[in-house]
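Only one structure is covered here, and it is reproduced in the block below.
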Amino acid sequence: MPRPEAMERPAELRRPGAPPRLSIVIPVFNEEANLPALYQRLAPVMDAIDRQGGGVVEAILVDDGSADSSLALLRDLAARDRRVKVISFNRNYGQHAAVMAGFDASRGKTVVTLDADLQNLPEDIPKLLAKAEEGFDVVGGWRAARKDTPFRRFASRQINRMMRWILKGVEFKDYGCMLRAYSRPVVDSMRLCQERSPFIPALAVQFARRIAEVPVGHADRAAGESKYSLWKLFKLQADLITGFTSAPLRFATLTGSVVSLLSIGFGVFLGIRRLLYGPEAQGLFTLFALLFLLVGANFFALGILGEYVGRIFVEVRQRPRSVVAETINLGAQAEEEAP
């Protein structure tokens with residue numbers, strides 16, 4: 001199996017030349033209703049950063065197999081503004097796969113990720129960029145006043161608590177906010193990780209020396225609907241646990257050991273009681289309840305083990321995280337023509 005550092009990026013994503021100051025990576029999935037407004041708000045932000053000097057800005061929008069007219073709108077934006085780069089997948093691979101493809105194509109000294117649904121505000125990008133230029137490797141956005149449904153806020157709080165427990169010593173308030181800034185060394189380190197189901201905010205802090213978090217705005221979704229269903233949130237939690245800690249395996253081992261000791265003690269108790277009182281029919285249902293408890297605990301432990309084995313199975317196949325069907329404004333000629 002080739003070492004990660006020996007694996008090259010696809011030829012259409014490798015581009016020579018001086019790096020821009022900032023790359024903005026935006027995953028897109030069925031966002032035709034939001035893309036025009038996204039560009040109208042993003043372009044002035046890019047213009048303002050350009051005027052500050054220090055290099056141009058590029059926006060890399062990754063179409064994650066959209067079934068609507070999102071790709072057609074992206075082609076039109078790229079034709080009108082050479083700073084807009086487009087990557088199109090052959091099918092849907094998921095948000096984090098899209099972001100990783102954007103990282104592969106990015107060349108900015110700082111890389112900012114942003115959702116296309118306009119719940120995260122493009123106008124907050126300079127705030128993150130200014131904080132990153134103070135020397136921070138990762139700058140997270142913290143949605144102080146969220147506009148999501150109560151269920152989404154509850155699920156997000158549970159994920160944040162779990163990530164703070166897993167990544168001890170890292171006290172981000174909001175791991176679910178897509179509006180984040182990463183330094184080039186951190187992005188390059190994440191690109192060496194070939195895992196199939198990366199959770200980028202948690203992965204990034206593994207390579208960061210200095211991290212910070214700044215409050216950012218949050219708006220109601222203008223159009224469309226959230227792509228995270230209850231099942232996807234459950235799958236995300238399973239990926240987070242199996243991808244960043246082996247604590248559930250240790251917990252299953254500890255639980256099994258405790259239950260075994262209790263079972264031995266209970267068996268000794270029943271043996272002594274039989275010697276003292278003779279055969280008894282009482283307590284039969286108690287024994288059945290204990291049996292069901294042990295069987296349930298056994299299947300629970302097997303389920304935890306199965307999650308880890310399933311993740312190993314996915315990883316060892318070494319299939320590509322995503323397949324690029326089309327790129328726009330990413331070739332060498334486009335780079336030479338860019339302002």
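Order determines the names: the first chain of the structure tokens is A, the second B, and so forth; residues in each chain are numbered 1 upward, and ligands are numbered 1 upward as they are shown.
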List as a PyMOL selection string the protein and nucleic acid residues near Gly176 of chain A, meaning an atom at most 10 Å away when only C-alpha atoms are counted, but skip any in the same chain fewer than 5 places from it. chain A and resi 140-143+156-157+159-160+199-202
Any idea what's packed within 7 Å of segment 71-87 of chain A, counting only C-alpha atoms, ignoring anything in its chain fewer than 6 positions away? Could you give it as a list in words?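 Neighbouring residues, sequence-local ones excluded: Val57, Glu58, Ala59, Ile60, Leu61, Val62, Asp63, Val324, Glu326, Thr327, Ile328, Asn329, Leu330 and Ala338 of chain A.
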Please dump the current selection as a PDB file, in the first residue's frame; keep N, CA and C atoms.
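The resulting selection-v7.pdb:
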```pdb
ATOM      1  N   VAL A  57      -7.740  36.347  -4.155  1.00  0.00           N
ATOM      2  CA  VAL A  57      -8.585  35.401  -3.441  1.00  0.00           C
ATOM      3  C   VAL A  57      -9.230  34.474  -4.462  1.00  0.00           C
ATOM      4  N   GLU A  58      -9.327  33.196  -4.123  1.00  0.00           N
ATOM      5  CA  GLU A  58     -10.031  32.254  -4.984  1.00  0.00           C
ATOM      6  C   GLU A  58     -11.154  31.607  -4.195  1.00  0.00           C
ATOM      7  N   ALA A  59     -12.249  31.321  -4.892  1.00  0.00           N
ATOM      8  CA  ALA A  59     -13.375  30.606  -4.291  1.00  0.00           C
ATOM      9  C   ALA A  59     -13.532  29.286  -5.026  1.00  0.00           C
ATOM     10  N   ILE A  60     -13.422  28.182  -4.297  1.00  0.00           N
ATOM     11  CA  ILE A  60     -13.517  26.850  -4.887  1.00  0.00           C
ATOM     12  C   ILE A  60     -14.841  26.235  -4.446  1.00  0.00           C
ATOM     13  N   LEU A  61     -15.765  26.116  -5.395  1.00  0.00           N
ATOM     14  CA  LEU A  61     -17.072  25.558  -5.102  1.00  0.00           C
ATOM     15  C   LEU A  61     -17.115  24.119  -5.619  1.00  0.00           C
ATOM     16  N   VAL A  62     -17.429  23.196  -4.742  1.00  0.00           N
ATOM     17  CA  VAL A  62     -17.398  21.772  -5.066  1.00  0.00           C
ATOM     18  C   VAL A  62     -18.824  21.253  -5.156  1.00  0.00           C
ATOM     19  N   ASP A  63     -19.243  20.918  -6.376  1.00  0.00           N
ATOM     20  CA  ASP A  63     -20.582  20.371  -6.570  1.00  0.00           C
ATOM     21  C   ASP A  63     -20.568  18.891  -6.197  1.00  0.00           C
ATOM     22  N   VAL A 324     -13.699  13.013  -9.382  1.00  0.00           N
ATOM     23  CA  VAL A 324     -13.947  14.300 -10.023  1.00  0.00           C
ATOM     24  C   VAL A 324     -14.350  14.071 -11.467  1.00  0.00           C
ATOM     25  N   GLU A 326     -15.502  16.831 -13.445  1.00  0.00           N
ATOM     26  CA  GLU A 326     -15.272  18.050 -14.227  1.00  0.00           C
ATOM     27  C   GLU A 326     -14.652  19.117 -13.332  1.00  0.00           C
ATOM     28  N   THR A 327     -13.758  19.899 -13.894  1.00  0.00           N
ATOM     29  CA  THR A 327     -13.216  21.066 -13.195  1.00  0.00           C
ATOM     30  C   THR A 327     -13.285  22.276 -14.118  1.00  0.00           C
ATOM     31  N   ILE A 328     -13.441  23.453 -13.532  1.00  0.00           N
ATOM     32  CA  ILE A 328     -13.527  24.698 -14.295  1.00  0.00           C
ATOM     33  C   ILE A 328     -12.607  25.716 -13.640  1.00  0.00           C
ATOM     34  N   ASN A 329     -11.796  26.390 -14.448  1.00  0.00           N
ATOM     35  CA  ASN A 329     -10.859  27.435 -14.007  1.00  0.00           C
ATOM     36  C   ASN A 329      -9.757  26.899 -13.100  1.00  0.00           C
ATOM     37  N   LEU A 330      -9.479  25.602 -13.187  1.00  0.00           N
ATOM     38  CA  LEU A 330      -8.424  25.022 -12.358  1.00  0.00           C
ATOM     39  C   LEU A 330      -7.196  24.626 -13.157  1.00  0.00           C
ATOM     40  N   ALA A 338      -5.925  34.377 -15.023  1.00  0.00           N
ATOM     41  CA  ALA A 338      -6.581  34.956 -13.860  1.00  0.00           C
ATOM     42  C   ALA A 338      -5.968  36.296 -13.531  1.00  0.00           C
TER      43      ALA A 338
END
```
In segment 131-217 of chain A, what's helix (DSSP H, G or I) per DSSP? Answer as a PyMOL selection string? chain A and resi 131-132+150-166+184-191+200-205
Would you write out those residues with C-alpha atoms, as a compact mmCIF listing (two decimals), in the first residue's frame?
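Wrote it out as out.txt, contents follow:
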```txt
# COMPACT_ATOMS: atom_id res chain seq x y z
CA LYS A 131 -7.63 36.15 13.63
CA ALA A 132 -5.70 33.59 11.56
CA PRO A 150 -34.70 22.77 18.53
CA PHE A 151 -33.85 19.25 17.35
CA ARG A 152 -30.79 20.46 15.41
CA ARG A 153 -29.59 22.54 18.34
CA PHE A 154 -30.01 19.58 20.70
CA ALA A 155 -28.13 17.22 18.34
CA SER A 156 -25.37 19.78 17.90
CA ARG A 157 -24.95 20.17 21.67
CA GLN A 158 -24.55 16.41 22.05
CA ILE A 159 -21.95 16.25 19.28
CA ASN A 160 -20.05 19.18 20.77
CA ARG A 161 -20.03 17.54 24.22
CA MET A 162 -18.84 14.28 22.74
CA MET A 163 -16.04 15.96 20.75
CA ARG A 164 -14.82 17.87 23.81
CA TRP A 165 -14.71 14.54 25.67
CA ILE A 166 -12.87 12.79 22.85
CA ARG A 184 -1.72 26.04 4.88
CA PRO A 185 0.41 23.62 7.00
CA VAL A 186 -2.74 22.27 8.67
CA VAL A 187 -4.49 21.83 5.31
CA ASP A 188 -1.48 20.03 3.84
CA SER A 189 -1.34 17.74 6.88
CA MET A 190 -5.04 16.89 6.53
CA ARG A 191 -4.51 16.09 2.85
CA ILE A 200 -12.54 17.92 9.33
CA PRO A 201 -12.87 20.21 12.41
CA ALA A 202 -11.71 17.40 14.72
CA LEU A 203 -9.04 16.23 12.27
CA ALA A 204 -7.59 19.73 11.97
CA VAL A 205 -6.94 20.20 15.68
```
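Checking A:Tyr182, A:Phe207, A:Tyr175, A:Tyr93 one by one against Val139 of chain A, counting only C-alpha atoms, you find the shortest gap at A:Tyr182.
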Restricting the calculation to only C-alpha atoms, which member of A:Pro19, A:Glu134, A:Asp47, A:Arg146 is positioned closest to Ile211 of chain A? A:Glu134
Excluding Leu128 of chain A and its own-chain neighbours fewer than 5 positions away, which residues fall within 9 Å of it when counting only C-alpha atoms? Please give them as a ChimeraX atom specification. /A:112,133,139-141,179-181,213-214,216
Give me, as a ChimeraX atom specification, all polymer residues having an atom no more than 12 Å from Gly94 of chain A, counting only C-alpha atoms and skipping those fewer than 2 positions away in the same chain. /A:27-29,62-66,89,91-92,96-101,196-199,227-228,232,236,321-323
Just want the 9 Å neighbourhood of Glu195 of chain A, counted on only C-alpha atoms, with same-chain residues fewer than 4 positions away dropped. Output as a PyMOL selection string. chain A and resi 243+314-315+318+321
Determine, counting only C-alpha atoms, which protein, DNA and RNA residues have an atom within 12 Å of an atom of Gly306 of chain A; residues of the same chain fewer than 5 positions away are not included. Present the result as a PyMOL selection string. chain A and resi 238+242+248-249+299-301+311-313
Mind dumping the selected residues with C-alpha atoms as a CSV table (one decimal), in the first residue's frame?
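Below you can see again.csv, which holds the result:
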```csv
chain,number,residue,atom,x,y,z
A,238,ALA,CA,-20.7,6.8,15.0
A,242,THR,CA,-14.9,5.1,15.9
A,248,PRO,CA,-16.1,2.3,23.6
A,249,LEU,CA,-14.0,-0.9,23.2
A,299,PHE,CA,-25.1,-7.8,21.4
A,300,PHE,CA,-24.3,-4.2,22.4
A,301,ALA,CA,-20.6,-5.1,22.7
A,311,ARG,CA,-14.5,1.1,9.6
A,312,ILE,CA,-11.4,-1.0,9.1
A,313,PHE,CA,-13.1,-2.8,6.2
```
